[in-house]
file upload.cif (mmCIF, C-alpha atoms)
data_entry
loop_
_atom_site.group_PDB
_atom_site.id
_atom_site.type_symbol
_atom_site.label_atom_id
_atom_site.label_comp_id
_atom_site.auth_asym_id
_atom_site.auth_seq_id
_atom_site.Cartn_x
_atom_site.Cartn_y
_atom_site.Cartn_z
ATOM 1 C CA MET A 662 -14.308 10.152 3.555
ATOM 2 C CA THR A 663 -12.649 9.733 0.173
ATOM 3 C CA LEU A 664 -10.390 6.887 -0.837
ATOM 4 C CA GLN A 665 -6.691 7.575 -1.238
ATOM 5 C CA SER A 666 -4.171 5.781 -3.360
ATOM 6 C CA MET A 667 -0.664 5.511 -1.943
ATOM 7 C CA THR A 668 0.863 6.749 -5.209
ATOM 8 C CA GLY A 669 1.225 10.439 -5.955
ATOM 9 C CA PHE A 670 3.505 13.362 -6.752
ATOM 10 C CA SER A 671 3.440 17.074 -5.985
ATOM 11 C CA ARG A 672 5.650 20.128 -6.259
ATOM 12 C CA ALA A 673 5.260 23.463 -4.474
ATOM 13 C CA THR A 674 7.422 26.593 -4.569
ATOM 14 C CA GLY A 675 7.824 29.684 -2.416
ATOM 15 C CA GLU A 676 10.016 32.737 -2.005
ATOM 16 C CA VAL A 677 11.241 34.905 0.848
ATOM 17 C CA ASP A 678 13.888 37.664 0.982
ATOM 18 C CA GLY A 679 15.431 36.707 -2.349
ATOM 19 C CA THR A 680 15.525 33.002 -1.502
ATOM 20 C CA SER A 681 13.568 30.505 -3.592
ATOM 21 C CA ILE A 682 12.115 27.372 -2.039
ATOM 22 C CA ALA A 683 10.933 24.227 -3.808
ATOM 23 C CA TRP A 684 9.511 21.045 -2.332
ATOM 24 C CA GLU A 685 8.960 17.820 -4.266
ATOM 25 C CA LEU A 686 6.954 15.016 -2.687
ATOM 26 C CA LYS A 687 6.602 11.492 -4.006
ATOM 27 C CA SER A 688 4.726 8.576 -2.472
ATOM 28 C CA VAL A 689 4.388 4.911 -3.410
ATOM 29 C CA ASN A 690 2.845 1.832 -1.826
ATOM 30 C CA GLY A 691 3.971 0.763 1.633
ATOM 31 C CA LYS A 692 2.730 -1.412 4.483
ATOM 32 C CA THR A 693 3.321 1.404 6.978
ATOM 33 C CA ILE A 694 4.398 5.036 6.667
ATOM 34 C CA GLU A 695 8.077 5.460 5.807
ATOM 35 C CA ILE A 696 9.722 8.810 5.100
ATOM 36 C CA ARG A 697 13.004 9.618 3.351
ATOM 37 C CA LEU A 698 14.160 13.229 3.353
ATOM 38 C CA ARG A 699 16.634 15.055 1.160
ATOM 39 C CA LEU A 700 17.516 18.362 2.788
ATOM 40 C CA PRO A 701 20.323 20.796 1.877
ATOM 41 C CA PRO A 702 23.271 20.902 4.292
ATOM 42 C CA GLY A 703 22.431 23.017 7.314
ATOM 43 C CA TYR A 704 18.680 22.410 7.134
ATOM 44 C CA GLU A 705 18.579 19.237 9.231
ATOM 45 C CA ARG A 706 16.656 21.219 11.856
ATOM 46 C CA LEU A 707 13.572 20.929 9.637
ATOM 47 C CA GLU A 708 13.427 17.142 9.707
ATOM 48 C CA PRO A 709 11.270 16.595 12.855
ATOM 49 C CA GLY A 710 8.594 19.037 11.695
ATOM 50 C CA VAL A 711 8.513 17.596 8.172
ATOM 51 C CA ARG A 712 8.121 14.047 9.455
ATOM 52 C CA GLN A 713 5.400 15.061 11.895
ATOM 53 C CA ALA A 714 3.421 16.861 9.171
ATOM 54 C CA LEU A 715 3.485 13.821 6.871
ATOM 55 C CA GLN A 716 2.593 11.396 9.660
ATOM 56 C CA LYS A 717 -0.325 13.595 10.701
ATOM 57 C CA ARG A 718 -1.770 13.797 7.180
ATOM 58 C CA PHE A 719 -1.213 10.269 5.827
ATOM 59 C CA ALA A 720 -1.697 6.779 7.238
ATOM 60 C CA ARG A 721 0.376 4.617 4.866
ATOM 61 C CA GLY A 722 2.926 4.895 2.079
ATOM 62 C CA ASN A 723 6.616 5.310 1.335
ATOM 63 C CA PHE A 724 7.355 9.035 1.038
ATOM 64 C CA GLN A 725 10.306 10.927 -0.383
ATOM 65 C CA ALA A 726 10.512 14.654 0.346
ATOM 66 C CA THR A 727 13.151 16.802 -1.377
ATOM 67 C CA LEU A 728 13.851 20.422 -0.486
ATOM 68 C CA THR A 729 15.761 22.709 -2.863
ATOM 69 C CA ILE A 730 16.950 26.154 -1.751
ATOM 70 C CA GLY A 731 18.143 28.666 -4.329
ATOM 71 C CA LYS A 732 18.426 32.326 -5.214
ATOM 72 C CA VAL A 733 15.621 34.164 -6.929
ATOM 73 C CA GLY A 734 16.442 34.476 -10.609
ATOM 74 C CA GLY A 735 18.486 31.306 -10.775
ATOM 75 C CA GLY A 736 21.401 29.661 -9.104
ATOM 76 C CA THR A 737 21.572 27.801 -5.832
ATOM 77 C CA MET A 738 22.442 28.931 -2.344
ATOM 78 C CA GLN A 739 26.115 28.333 -1.820
ATOM 79 C CA PRO A 740 26.863 26.985 1.645
ATOM 80 C CA VAL A 741 29.725 28.372 3.690
ATOM 81 C CA ILE A 742 32.614 26.068 4.617
ATOM 82 C CA ASN A 743 33.475 26.030 8.310
ATOM 83 C CA GLU A 744 37.207 26.148 7.619
ATOM 84 C CA ALA A 745 38.299 25.879 11.247
ATOM 85 C CA PHE A 746 36.241 22.733 11.759
ATOM 86 C CA LEU A 747 37.423 21.319 8.430
ATOM 87 C CA LYS A 748 41.053 21.942 9.390
ATOM 88 C CA ASP A 749 40.585 20.126 12.695
ATOM 89 C CA LEU A 750 39.001 17.160 10.916
ATOM 90 C CA ALA A 751 41.794 17.014 8.336
ATOM 91 C CA GLY A 752 44.415 17.055 11.098
ATOM 92 C CA LEU A 753 42.608 14.251 12.945
ATOM 93 C CA ALA A 754 42.439 12.220 9.732
ATOM 94 C CA ARG A 755 46.225 12.614 9.199
ATOM 95 C CA ARG A 756 46.991 11.505 12.759
ATOM 96 C CA LEU A 757 44.793 8.428 12.362
ATOM 97 C CA GLN A 758 46.555 7.625 9.102
ATOM 98 C CA GLU A 759 50.028 7.945 10.687
ATOM 99 C CA GLN A 760 49.204 6.028 13.868
ATOM 100 C CA PHE A 761 46.848 3.337 12.612
ATOM 101 C CA GLY A 762 47.424 3.173 8.880
ATOM 102 C CA THR A 763 43.902 4.215 7.956
ATOM 103 C CA ALA A 764 43.090 5.320 4.422
ATOM 104 C CA PRO A 765 43.722 9.013 3.740
ATOM 105 C CA ALA A 766 40.673 11.241 4.033
ATOM 106 C CA SER A 767 39.178 12.546 0.793
ATOM 107 C CA ALA A 768 37.941 16.085 0.286
ATOM 108 C CA ASP A 769 34.425 15.002 -0.593
ATOM 109 C CA GLY A 770 34.332 12.722 2.440
ATOM 110 C CA LEU A 771 35.292 15.552 4.783
ATOM 111 C CA LEU A 772 32.837 17.982 3.193
ATOM 112 C CA ALA A 773 30.030 15.463 3.640
ATOM 113 C CA LEU A 774 30.446 15.471 7.435
ATOM 114 C CA ARG A 775 27.779 17.367 9.336
ATOM 115 C CA GLY A 776 28.910 20.821 10.433
ATOM 116 C CA VAL A 777 31.525 21.338 7.701
ATOM 117 C CA LEU A 778 29.076 23.028 5.322
ATOM 118 C CA GLU A 779 26.860 25.697 6.821
ATOM 119 C CA PRO A 780 24.156 27.980 5.387
ATOM 120 C CA SER A 781 25.375 31.291 4.022
ATOM 121 C CA GLU A 782 25.852 34.053 6.529
ATOM 122 C CA THR A 783 22.779 35.908 5.281
ATOM 123 C CA LEU A 784 20.654 33.164 6.860
ATOM 124 C CA GLU A 785 22.398 33.040 10.182
ATOM 125 C CA THR A 786 20.408 35.574 12.218
ATOM 126 C CA GLU A 787 17.528 34.267 14.280
ATOM 127 C CA GLU A 788 15.060 36.603 12.591
ATOM 128 C CA THR A 789 15.964 35.664 9.024
ATOM 129 C CA ARG A 790 16.125 31.998 9.923
ATOM 130 C CA ALA A 791 12.689 32.089 11.548
ATOM 131 C CA GLY A 792 11.204 33.822 8.486
ATOM 132 C CA LEU A 793 12.823 31.348 6.129
ATOM 133 C CA ASP A 794 11.682 28.334 8.170
ATOM 134 C CA ALA A 795 8.109 29.654 8.274
ATOM 135 C CA THR A 796 8.037 30.004 4.482
ATOM 136 C CA ILE A 797 9.608 26.583 4.025
ATOM 137 C CA PHE A 798 6.933 24.922 6.170
ATOM 138 C CA ALA A 799 4.122 26.900 4.535
ATOM 139 C CA THR A 800 5.372 25.742 1.141
ATOM 140 C CA PHE A 801 5.608 22.213 2.463
ATOM 141 C CA GLN A 802 1.970 22.331 3.567
ATOM 142 C CA HIS A 803 0.976 23.310 0.019
ATOM 143 C CA ALA A 804 2.962 20.336 -1.299
ATOM 144 C CA ILE A 805 1.209 18.024 1.167
ATOM 145 C CA ALA A 806 -2.224 19.328 0.109
ATOM 146 C CA ASP A 807 -1.419 18.796 -3.571
ATOM 147 C CA LEU A 808 -0.079 15.315 -2.869
ATOM 148 C CA ALA A 809 -3.282 14.442 -1.002
ATOM 149 C CA LYS A 810 -5.337 15.623 -3.998
ATOM 150 C CA ALA A 811 -3.263 13.473 -6.351
ATOM 151 C CA ARG A 812 -3.663 10.434 -4.111
ATOM 152 C CA GLN A 813 -7.404 11.069 -3.781
ATOM 153 C CA ALA A 814 -7.870 11.322 -7.560
ATOM 154 C CA GLU A 815 -6.128 8.003 -8.093
ATOM 155 C CA GLY A 816 -7.946 6.536 -5.097
ATOM 156 C CA GLN A 817 -11.299 7.462 -6.630
ATOM 157 C CA ALA A 818 -10.345 5.747 -9.888
ATOM 158 C CA THR A 819 -9.165 2.669 -7.981
ATOM 159 C CA GLY A 820 -12.416 2.621 -5.997
ATOM 160 C CA GLU A 821 -14.413 2.521 -9.229
ATOM 161 C CA VAL A 822 -12.340 -0.418 -10.460
ATOM 162 C CA LEU A 823 -12.842 -2.240 -7.161
ATOM 163 C CA GLY A 824 -16.572 -1.590 -7.335
ATOM 164 C CA GLY A 825 -16.592 -3.233 -10.751
ATOM 165 C CA HIS A 826 -14.777 -6.270 -9.368
ATOM 166 C CA ILE A 827 -17.321 -6.575 -6.548
ATOM 167 C CA ASP A 828 -20.139 -6.392 -9.099
ATOM 168 C CA ALA A 829 -18.458 -9.204 -11.054
ATOM 169 C CA ILE A 830 -18.112 -11.315 -7.900
ATOM 170 C CA GLU A 831 -21.773 -10.788 -7.069
ATOM 171 C CA SER A 832 -22.770 -11.816 -10.600
ATOM 172 C CA LEU A 833 -20.708 -15.010 -10.419
ATOM 173 C CA VAL A 834 -22.153 -15.899 -7.018
ATOM 174 C CA ALA A 835 -25.665 -15.423 -8.430
ATOM 175 C CA ARG A 836 -24.811 -17.729 -11.345
ATOM 176 C CA ALA A 837 -23.547 -20.389 -8.967
ATOM 177 C CA GLU A 838 -26.683 -20.132 -6.852
ATOM 178 C CA VAL A 839 -29.089 -20.752 -9.757
ATOM 179 C CA ASP A 840 -26.935 -23.239 -11.640
ATOM 180 C CA PRO A 841 -29.044 -26.289 -12.623
ATOM 181 C CA SER A 842 -26.471 -28.647 -11.130
ATOM 182 C CA ARG A 843 -27.571 -27.496 -7.641
ATOM 183 C CA ASP A 844 -31.212 -28.512 -8.181
ATOM 184 C CA PRO A 845 -32.110 -31.274 -5.673
ATOM 185 C CA ALA A 846 -33.777 -33.388 -8.352
ATOM 186 C CA THR A 847 -30.682 -33.164 -10.545
ATOM 187 C CA ILE A 848 -28.431 -34.110 -7.624
ATOM 188 C CA ARG A 849 -30.614 -37.106 -6.759
ATOM 189 C CA ALA A 850 -30.662 -38.298 -10.362
ATOM 190 C CA ARG A 851 -26.887 -37.999 -10.670
ATOM 191 C CA LEU A 852 -26.263 -39.846 -7.398
ATOM 192 C CA ALA A 853 -28.773 -42.571 -8.306
ATOM 193 C CA GLU A 854 -26.990 -43.091 -11.609
ATOM 194 C CA GLN A 855 -23.597 -43.320 -9.904
ATOM 195 C CA VAL A 856 -24.909 -45.763 -7.268
ATOM 196 C CA ALA A 857 -26.457 -47.944 -9.976
ATOM 197 C CA LEU A 858 -23.153 -48.074 -11.850
ATOM 198 C CA LEU A 859 -21.327 -49.129 -8.693
ATOM 199 C CA MET A 860 -23.908 -51.804 -7.888
ATOM 200 C CA ASP A 861 -23.640 -53.224 -11.387
ATOM 201 C CA ALA A 862 -19.855 -53.296 -11.127
ATOM 202 C CA SER A 863 -19.783 -55.229 -7.852
ATOM 203 C CA ALA A 864 -22.636 -57.295 -6.465
ATOM 204 C CA GLY A 865 -20.894 -57.509 -3.077
ATOM 205 C CA LEU A 866 -21.446 -53.877 -2.159
ATOM 206 C CA ASP A 867 -23.871 -53.036 0.644
ATOM 207 C CA GLU A 868 -26.589 -51.040 -1.104
ATOM 208 C CA ALA A 869 -27.851 -49.378 2.076
ATOM 209 C CA ARG A 870 -24.340 -48.316 3.097
ATOM 210 C CA LEU A 871 -23.642 -47.082 -0.397
ATOM 211 C CA HIS A 872 -26.734 -44.895 -0.405
ATOM 212 C CA MET A 873 -25.753 -43.544 3.027
ATOM 213 C CA GLU A 874 -22.261 -42.619 1.797
ATOM 214 C CA ALA A 875 -23.707 -41.002 -1.328
ATOM 215 C CA ALA A 876 -26.065 -38.893 0.778
ATOM 216 C CA PHE A 877 -23.143 -37.845 3.005
ATOM 217 C CA LEU A 878 -21.060 -36.801 0.017
ATOM 218 C CA ALA A 879 -23.972 -34.873 -1.432
ATOM 219 C CA THR A 880 -24.347 -32.956 1.825
ATOM 220 C CA LYS A 881 -20.616 -32.269 2.008
ATOM 221 C CA ALA A 882 -20.609 -30.986 -1.568
ATOM 222 C CA ASP A 883 -23.377 -28.448 -0.897
ATOM 223 C CA ILE A 884 -22.061 -24.896 -1.503
ATOM 224 C CA ARG A 885 -24.918 -23.040 0.215
ATOM 225 C CA GLU A 886 -22.649 -21.864 3.019
ATOM 226 C CA GLU A 887 -20.006 -20.561 0.608
ATOM 227 C CA ILE A 888 -22.633 -18.687 -1.398
ATOM 228 C CA ASP A 889 -24.013 -17.070 1.759
ATOM 229 C CA ARG A 890 -20.550 -16.024 2.920
ATOM 230 C CA LEU A 891 -19.606 -14.601 -0.467
ATOM 231 C CA THR A 892 -22.862 -12.628 -0.507
ATOM 232 C CA THR A 893 -22.031 -11.215 2.936
ATOM 233 C CA HIS A 894 -18.498 -10.309 1.801
ATOM 234 C CA VAL A 895 -19.891 -8.483 -1.246
ATOM 235 C CA ALA A 896 -22.051 -6.346 1.052
ATOM 236 C CA SER A 897 -19.063 -5.676 3.325
ATOM 237 C CA GLY A 898 -16.909 -4.622 0.386
ATOM 238 C CA ARG A 899 -19.488 -2.137 -0.843
ATOM 239 C CA ALA A 900 -19.907 -0.713 2.657
ATOM 240 C CA LEU A 901 -16.154 -0.198 3.017
ATOM 241 C CA LEU A 902 -15.874 1.533 -0.359
ATOM 242 C CA ALA A 903 -18.797 3.787 0.522
ATOM 243 C CA ALA A 904 -17.262 4.698 3.892
ATOM 244 C CA GLY A 905 -13.878 5.576 2.344
ATOM 245 C CA GLY A 906 -10.848 6.608 4.367
ATOM 246 C CA PRO A 907 -7.762 4.426 4.987
ATOM 247 C CA ILE A 908 -9.459 1.072 4.299
ATOM 248 C CA GLY A 909 -6.677 -0.644 2.364
ATOM 249 C CA ARG A 910 -5.869 -3.143 5.114
ATOM 250 C CA LYS A 911 -9.534 -4.026 5.648
ATOM 251 C CA LEU A 912 -10.058 -4.582 1.931
ATOM 252 C CA ASP A 913 -6.935 -6.720 1.779
ATOM 253 C CA PHE A 914 -8.357 -8.918 4.547
ATOM 254 C CA LEU A 915 -11.674 -9.059 2.680
ATOM 255 C CA ALA A 916 -9.817 -10.168 -0.461
ATOM 256 C CA GLN A 917 -8.346 -13.054 1.531
ATOM 257 C CA GLU A 918 -11.849 -14.055 2.619
ATOM 258 C CA PHE A 919 -13.088 -13.893 -0.969
ATOM 259 C CA ASN A 920 -10.193 -16.103 -2.024
ATOM 260 C CA ARG A 921 -10.822 -18.622 0.757
ATOM 261 C CA GLU A 922 -14.482 -19.048 -0.153
ATOM 262 C CA SER A 923 -13.625 -19.295 -3.851
ATOM 263 C CA ASN A 924 -11.151 -22.090 -3.146
ATOM 264 C CA THR A 925 -13.680 -23.945 -1.011
ATOM 265 C CA LEU A 926 -16.355 -23.589 -3.678
ATOM 266 C CA CYS A 927 -14.030 -25.144 -6.262
ATOM 267 C CA SER A 928 -13.000 -27.995 -3.953
ATOM 268 C CA LYS A 929 -16.621 -28.853 -3.053
ATOM 269 C CA SER A 930 -17.947 -28.581 -6.577
ATOM 270 C CA ASN A 931 -19.463 -31.758 -8.041
ATOM 271 C CA ALA A 932 -20.319 -30.216 -11.419
ATOM 272 C CA GLY A 933 -18.221 -28.760 -14.209
ATOM 273 C CA ALA A 934 -20.334 -25.608 -14.390
ATOM 274 C CA ILE A 935 -19.726 -24.772 -10.712
ATOM 275 C CA THR A 936 -16.012 -25.474 -11.089
ATOM 276 C CA ALA A 937 -15.856 -23.091 -14.046
ATOM 277 C CA ILE A 938 -17.639 -20.384 -12.037
ATOM 278 C CA GLY A 939 -15.248 -20.954 -9.121
ATOM 279 C CA LEU A 940 -12.183 -20.563 -11.338
ATOM 280 C CA GLU A 941 -13.575 -17.382 -12.874
ATOM 281 C CA LEU A 942 -14.332 -16.132 -9.382
ATOM 282 C CA LYS A 943 -10.741 -16.746 -8.293
ATOM 283 C CA ALA A 944 -9.476 -14.716 -11.248
ATOM 284 C CA VAL A 945 -11.673 -11.740 -10.350
ATOM 285 C CA VAL A 946 -10.654 -11.972 -6.695
ATOM 286 C CA ASP A 947 -6.965 -11.886 -7.702
ATOM 287 C CA GLN A 948 -7.612 -8.714 -9.709
ATOM 288 C CA PHE A 949 -9.486 -7.235 -6.744
ATOM 289 C CA ARG A 950 -6.647 -7.967 -4.349
ATOM 290 C CA GLU A 951 -4.052 -6.538 -6.723
ATOM 291 C CA GLN A 952 -5.904 -3.213 -6.898
ATOM 292 C CA VAL A 953 -6.413 -3.138 -3.134
ATOM 293 C CA GLN A 954 -2.643 -2.981 -2.622
ATOM 294 C CA ASN A 955 -2.689 0.566 -4.053
ATOM 295 C CA LEU A 956 -5.051 1.959 -1.422
ATOM 296 C CA GLU A 957 -4.054 3.679 1.809
#
call {"tool": "encode", "arguments": {"input": "upload.cif", "output": "structure tokens"}}
result
Amino acid sequence: MTLQSMTGFSRATGEVDGTSIAWELKSVNGKTIEIRLRLPPGYERLEPGVRQALQKRFARGNFQATLTIGKVGGGTMQPVINEAFLKDLAGLARRLQEQFGTAPASADGLLALRGVLEPSETLETEETRAGLDATIFATFQHAIADLAKARQAEGQATGEVLGGHIDAIESLVARAEVDPSRDPATIRARLAEQVALLMDASAGLDEARLHMEAAFLATKADIREEIDRLTTHVASGRALLAAGGPIGRKLDFLAQEFNRESNTLCSKSNAGAITAIGLELKAVVDQFREQVQNLE
């Protein structure tokens, strides 16, 4: 399966019986799938099918779908005003104003109410409506396919960037593992020097206890476990990228694990070189996590 970004745009057009159809789809990052629709008055019946199609095709993202209906050759479809319904609403608004002192109703406010504007009469028969709806949904499917391609193209580019970050993490972990400061002989020499300085500073210190505490601190400062975990996380990251699909949440969790081990490595470090590697590692992990937010 390919990776998908959550950012994309597509536009698809169609035509039936002199009516032009245009869909525009936009998607951006989101924790779940959220859909906002902009449909012409009288086309609210399409909403359930549009939502279902998007939810079936995509796992995450904030989507905006806009439908434009017009006439072939230019112009837009002019809706028909349901004058009887509008008259009833205007009368109700006047009565409310007289009895309760409400603000007078505005023309644009009344026209915005559902049922006041209706599709033109040429679309009212069941046959023409069914044909129009079929073309609208077919055009919408083309828009969905193009949006998926756009998200996949950006997802592929993001995957390559993430692969580079994982390579950088692996390189830093390898540097930490072979750093001279982790050599047992070097550790013993450094601890012996520190113990000698403490003994010279105060003759009252218990030498045996001091050596015991130094050995304990040396053990606590060992970063073998962090290196092993980071190595495992690198392998997991590569496996996820190779598998593809909607792995954004899993990679975000992996980024948290990378960050946790990087913090621990810095806190346990007893050498400047390891601290420097840990700080560089944290920077790469931050870049990794930032890119992960773009994936589905």
call {"tool": "resolve_selection", "arguments": {"input": "upload.cif", "expression": "the PyMOL selection byres ((chain A and resi 765) around 12)", "output": "list in words"}}
result
Leu750, Ala751, Gly752, Leu753, Ala754, Arg755, Arg756, Leu757, Gln758, Glu759, Gln760, Phe761, Gly762, Thr763, Ala764, Ala766, Ser767, Ala768, Asp769, Gly770 and Leu771 of chain A
call {"tool": "resolve_selection", "arguments": {"input": "upload.cif", "expression": "the PyMOL selection byres ((chain A and resi 701-710) around 7)", "output": "JSON, numbers by chain"}}
result
{"A": [699, 700, 711, 712, 713, 714, 728, 729, 778, 779, 780]}
call {"tool": "closest_residue", "arguments": {"input": "upload.cif", "among": "A:Val777, A:Leu926, A:Leu956, A:Val733", "to": "A:Glu887", "atoms": "only C-alpha atoms"}}
result
A:Leu926
call {"tool": "resolve_selection", "arguments": {"input": "upload.cif", "expression": "the PyMOL selection byres ((chain A and resi 937) around 12)", "output": "VMD selection string"}}
result
chain A and resid 833 to 834 836 to 837 840 923 to 924 926 to 928 930 to 936 938 to 944
call {"tool": "write_last_selection", "arguments": {"input": "upload.cif", "atoms": "C-alpha atoms", "output": "PDB file, in the frame of the given file"}}
result
ATOM      1  CA  LEU A 833     -20.708 -15.010 -10.419  1.00  0.00           C
ATOM      2  CA  VAL A 834     -22.153 -15.899  -7.018  1.00  0.00           C
ATOM      3  CA  ARG A 836     -24.811 -17.729 -11.345  1.00  0.00           C
ATOM      4  CA  ALA A 837     -23.547 -20.389  -8.967  1.00  0.00           C
ATOM      5  CA  ASP A 840     -26.935 -23.239 -11.640  1.00  0.00           C
ATOM      6  CA  SER A 923     -13.625 -19.295  -3.851  1.00  0.00           C
ATOM      7  CA  ASN A 924     -11.151 -22.090  -3.146  1.00  0.00           C
ATOM      8  CA  LEU A 926     -16.355 -23.589  -3.678  1.00  0.00           C
ATOM      9  CA  CYS A 927     -14.030 -25.144  -6.262  1.00  0.00           C
ATOM     10  CA  SER A 928     -13.000 -27.995  -3.953  1.00  0.00           C
ATOM     11  CA  SER A 930     -17.947 -28.581  -6.577  1.00  0.00           C
ATOM     12  CA  ASN A 931     -19.463 -31.758  -8.041  1.00  0.00           C
ATOM     13  CA  ALA A 932     -20.319 -30.216 -11.419  1.00  0.00           C
ATOM     14  CA  GLY A 933     -18.221 -28.760 -14.209  1.00  0.00           C
ATOM     15  CA  ALA A 934     -20.334 -25.608 -14.390  1.00  0.00           C
ATOM     16  CA  ILE A 935     -19.726 -24.772 -10.712  1.00  0.00           C
ATOM     17  CA  THR A 936     -16.012 -25.474 -11.089  1.00  0.00           C
ATOM     18  CA  ILE A 938     -17.639 -20.384 -12.037  1.00  0.00           C
ATOM     19  CA  GLY A 939     -15.248 -20.954  -9.121  1.00  0.00           C
ATOM     20  CA  LEU A 940     -12.183 -20.563 -11.338  1.00  0.00           C
ATOM     21  CA  GLU A 941     -13.575 -17.382 -12.874  1.00  0.00           C
ATOM     22  CA  LEU A 942     -14.332 -16.132  -9.382  1.00  0.00           C
ATOM     23  CA  LYS A 943     -10.741 -16.746  -8.293  1.00  0.00           C
ATOM     24  CA  ALA A 944      -9.476 -14.716 -11.248  1.00  0.00           C
TER      25      ALA A 944
END
call {"tool": "closest_residue", "arguments": {"input": "upload.cif", "among": "A:His894, A:Arg775, A:Arg718, A:Arg790", "to": "A:Ile827", "atoms": "all atoms listed in the file"}}
result
A:His894
call {"tool": "closest_residue", "arguments": {"input": "upload.cif", "among": "A:Gly776, A:Gly898, A:Gly722, A:Pro841", "to": "A:Val741", "atoms": "all atoms listed in the file"}}
result
A:Gly776
call {"tool": "closest_residue", "arguments": {"input": "upload.cif", "among": "A:Thr727, A:Gln716, A:Thr796, A:Thr663", "to": "A:Gly675", "atoms": "all atoms listed in the file"}}
result
A:Thr796
call {"tool": "closest_residue", "arguments": {"input": "upload.cif", "among": "A:Leu698, A:Val839, A:Leu912, A:Ala791", "to": "A:Val677", "atoms": "all atoms listed in the file"}}
result
A:Ala791
call {"tool": "closest_residue", "arguments": {"input": "upload.cif", "among": "A:Leu891, A:Ala683, A:Ile696, A:Ile797", "to": "A:Arg921", "atoms": "only C-alpha atoms"}}
result
A:Leu891
call {"tool": "atom_distance", "arguments": {"input": "upload.cif", "atom1": "atom CA of A:Gly906", "atom2": "atom CA of A:Asp889"}}
result
27.2 Å
call {"tool": "atom_distance", "arguments": {"input": "upload.cif", "atom1": "atom CA of A:Gly824", "atom2": "atom CA of A:Thr668"}}
result
19.4 Å
call {"tool": "atom_distance", "arguments": {"input": "upload.cif", "atom1": "atom CA of A:His826", "atom2": "atom CA of A:Thr892"}}
result
13.6 Å
